[in-house]
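Notes to accompany the following structure.
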Amino acid sequence: MNDSYLTTAELAARIKYDARTIRERLKDSVLFEGRHYIRPFGGRKILYIWETIEKDMAKASKEESFTIPLANGGVMHG
């Protein structure tokens, strides 16, 4: 396993988001524990898994470019 683990500040620098935005808006809504981050040794510290985040960001970017938003809140894939 050759994953790169990043602190919130290091992740913020890589993806050009404020660390506060990551903690308050992205964590647990688009970044999930066990997939995108871990809490080593059951502690409070959070380490983000860079490779998983990078892969999911690219995947989401591709998916969004081929969707058409609908009035009811859904999307049509084109």
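Starting from 1 in every chain, residues are counted up; chains themselves are A, B, ... following the order of the structure tokens, and ligands are numbered from 1 as listed.
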
* Asked: Which neighbours of stretch 20-23 of chain A fall inside 12 Å, counting only C-alpha atoms, when residues of the same chain fewer than 3 positions from it are skipped, and could you give them as an MDAnalysis selection string?
  -> chainID A and resid 7:17 26:32 36:37 45:48

* Contacts of A:Trp50 within 9 Å, only C-alpha atoms, excl. fewer than 3 positions in-chain, as a list in words -> Asp3, Ser4, Tyr5, Leu6, Leu11, His36, Tyr37, Ile53, Glu54 and Lys55 of chain A

Can those selected residues be exported to a file as a tab-separated table (two decimals), in the first residue's frame so that it contains C-alpha atoms?
```tsv
chain	number	residue	atom	x	y	z
A	3	ASP	CA	-0.98	5.80	-0.28
A	4	SER	CA	0.01	9.37	0.46
A	5	TYR	CA	-1.51	10.65	3.68
A	6	LEU	CA	-2.07	14.40	3.99
A	11	LEU	CA	-4.77	18.77	1.25
A	36	HIS	CA	-11.10	9.50	1.65
A	37	TYR	CA	-9.69	9.87	5.15
A	53	ILE	CA	-9.37	11.90	-3.50
A	54	GLU	CA	-7.51	12.60	-6.75
A	55	LYS	CA	-9.22	9.68	-8.51
```

* Tell me, in Å to one decimal, how far atom CA of A:Arg44 is from atom CA of A:Met57. =>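 Atom-to-atom, atom CA of A:Arg44 and atom CA of A:Met57 are spaced 25.1 Å apart.
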
* To do: Kindly give the distance, in Å, that separates atom CA of A:Ile38 and atom CA of A:Thr52, rounded to a single decimal.
  =>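 Going from atom CA of A:Ile38 over to atom CA of A:Thr52, I get 11.8 Å.
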
* To do: Calculate how many Å separate atom CA of A:Arg35 from atom CA of A:Ile49, rounding to one decimal.
  =>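 So the two atoms, atom CA of A:Arg35 and atom CA of A:Ile49, lie 7.8 Å apart.
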
* DSSP-assigned helix (DSSP H, G or I) among chain A, expressed as a ChimeraX atom specification -> /A:8-15,19-26,40-42,50-64
